[in-house]
Amino acid sequence: MAVPSFQSLMLPALTALADGVVHRPQEVSDKVAAQLGVSAEDQAEPLPSGAMPRYRNRVLWALHHMKRAGVIRSPGRGQYVITDSGRALLAETPTGITTKTLERYPEYMDFVERGRHKPDDAAVDGADAATPEERLQAAYEEVRDHVAAEIFDLLRAIDPRRFESVVLEVLTAMGYGGSDPDRASLTAYSHDGGLDGVIKEDTLGLDQVVVQAKRHSSPVDVKLVREFAGSLDEHGTDKGVFFTTDKFTGPAIDYAKSIKKRIILIDGPELARLMVRHGVGVTVTKTLQLARLDSDYFDPDVEA
């Protein structure tokens, strides 16, 4: 049999986790293969990139999407277990689970909105009318969003001091400070006056950007943003960037837009996307080059 699509693997994978025991992906893969009769040969079929077997890759995508919906959770790296929401879903005895099914869960819709991308059922199974370039772009965006979502989870769990250094790495990778890490520095942890870092935009340090990095588990309110704005005066600058692992409240966003000082607010999902875009905390596994016909090459009226 052909390797099932990742959406076709969702229900079998959730069923494999129905025992309530923590399982690793390989255990889920083995259970699903037994359920569906996926042969060892089909399980071993590699992706075109050769990075991993196609079957294992699709099981991982199935687990990833269900985790984003909250029907399963990951108590540790490479571990999955069913949740109460997952049990309730199985109790409905569904004939299948797709991304459309998962849209009923607010957690999944938050994930979709953060990634600004929703996998299309038809596109996944190759029945879409999109051009190959469009399908490739959609696939790239989905992989990027998957990585960003994983980064977002890790950002919310790392040490606050480490989070501050990550933020400075991202800013230097974006070109602030001339991409020179020596121009980015953390202030003293216990005496920072609410400021976590400073980036010099020029060699002499005549122009600076002040950075605040807060690993919050709840939305940042306007009080903290107002305090940050007031602290910029101590550094003789009117530019600042406030990072958080959570979100900013509406009043906090409105306040930052209303004042003359230039304060940029970066929430957790946006920071994760910036890390992927600028290569911080990620590695490139494969680079694809698209070739197009050079019609001039075959034109007899054009000299070689």
# chains A, B, ... in the order shown; residues from 1 in each chain; ligands from 1
$ residues_around --residues "Phe163 of chain A" --least-positions-apart "6" --cutoff "8 Å" --atoms "only C-alpha atoms" --output "PDB file with C-alpha atoms, in the first residue's frame"
ATOM      1  CA  LEU A 155      11.343  29.835  24.604  1.00  0.00           C
ATOM      2  CA  ALA A 213      13.348  40.740  27.449  1.00  0.00           C
ATOM      3  CA  LYS A 214      10.753  39.221  29.756  1.00  0.00           C
ATOM      4  CA  ARG A 215       9.916  35.517  29.874  1.00  0.00           C
TER       5      ARG A 215
END
$ closest_residue --among "A:Phe298, A:Tyr80, A:Tyr55, A:Phe6" --to "Asp19 of chain A" --atoms "only C-alpha atoms"
A:Tyr80
$ residues_around --residues "Ile72 of chain A" --least-positions-apart "3" --cutoff "9 Å" --atoms "only C-alpha atoms" --output "PyMOL selection string"
chain A and resi 14+17+63+66-69+80-86
$ write_last_selection --atoms "N, CA and C atoms" --output "tab-separated table (two decimals), in the first residue's frame"
chain	number	residue	atom	x	y	z
A	14	LEU	N	-3.71	8.70	17.27
A	14	LEU	CA	-4.40	9.02	18.52
A	14	LEU	C	-4.89	7.74	19.18
A	17	LEU	N	-2.31	6.03	21.14
A	17	LEU	CA	-2.01	6.68	22.42
A	17	LEU	C	-3.17	6.54	23.42
A	63	LEU	N	1.42	13.79	14.68
A	63	LEU	CA	1.57	14.06	16.10
A	63	LEU	C	1.70	15.56	16.36
A	66	MET	N	-1.74	17.31	16.09
A	66	MET	CA	-2.62	16.96	17.21
A	66	MET	C	-2.13	17.57	18.52
A	67	LYS	N	-0.83	17.69	18.64
A	67	LYS	CA	-0.27	18.35	19.83
A	67	LYS	C	-0.69	19.82	19.85
A	68	ARG	N	-0.68	20.47	18.69
A	68	ARG	CA	-1.08	21.87	18.62
A	68	ARG	C	-2.55	22.05	18.96
A	69	ALA	N	-3.35	21.03	18.74
A	69	ALA	CA	-4.78	21.11	19.07
A	69	ALA	C	-5.05	20.75	20.53
A	80	TYR	N	4.99	11.52	23.85
A	80	TYR	CA	3.61	11.93	23.59
A	80	TYR	C	2.65	11.10	24.44
A	81	VAL	N	1.59	11.76	24.88
A	81	VAL	CA	0.56	11.09	25.67
A	81	VAL	C	-0.78	11.74	25.36
A	82	ILE	N	-1.85	10.99	25.41
A	82	ILE	CA	-3.17	11.51	25.11
A	82	ILE	C	-3.66	12.40	26.25
A	83	THR	N	-4.52	13.35	25.93
A	83	THR	CA	-5.10	14.26	26.92
A	83	THR	C	-6.59	13.95	27.07
A	84	ASP	N	-7.24	14.65	28.01
A	84	ASP	CA	-8.69	14.47	28.17
A	84	ASP	C	-9.42	14.86	26.90
A	85	SER	N	-8.94	15.91	26.22
A	85	SER	CA	-9.57	16.31	24.96
A	85	SER	C	-9.44	15.22	23.92
A	86	GLY	N	-8.29	14.54	23.91
A	86	GLY	CA	-8.08	13.45	22.97
A	86	GLY	C	-9.01	12.28	23.26
$ residues_around --residues "segment 42-53 of chain A" --least-positions-apart "3" --cutoff "9 Å" --atoms "only C-alpha atoms" --output "number ranges by chain"
A: 1-3, 33, 38-39, 56-58, 285-286
$ atom_distance --atom1 "atom CA of Leu60 of chain A" --atom2 "atom CA of Asp110 of chain A"
20.1 Å
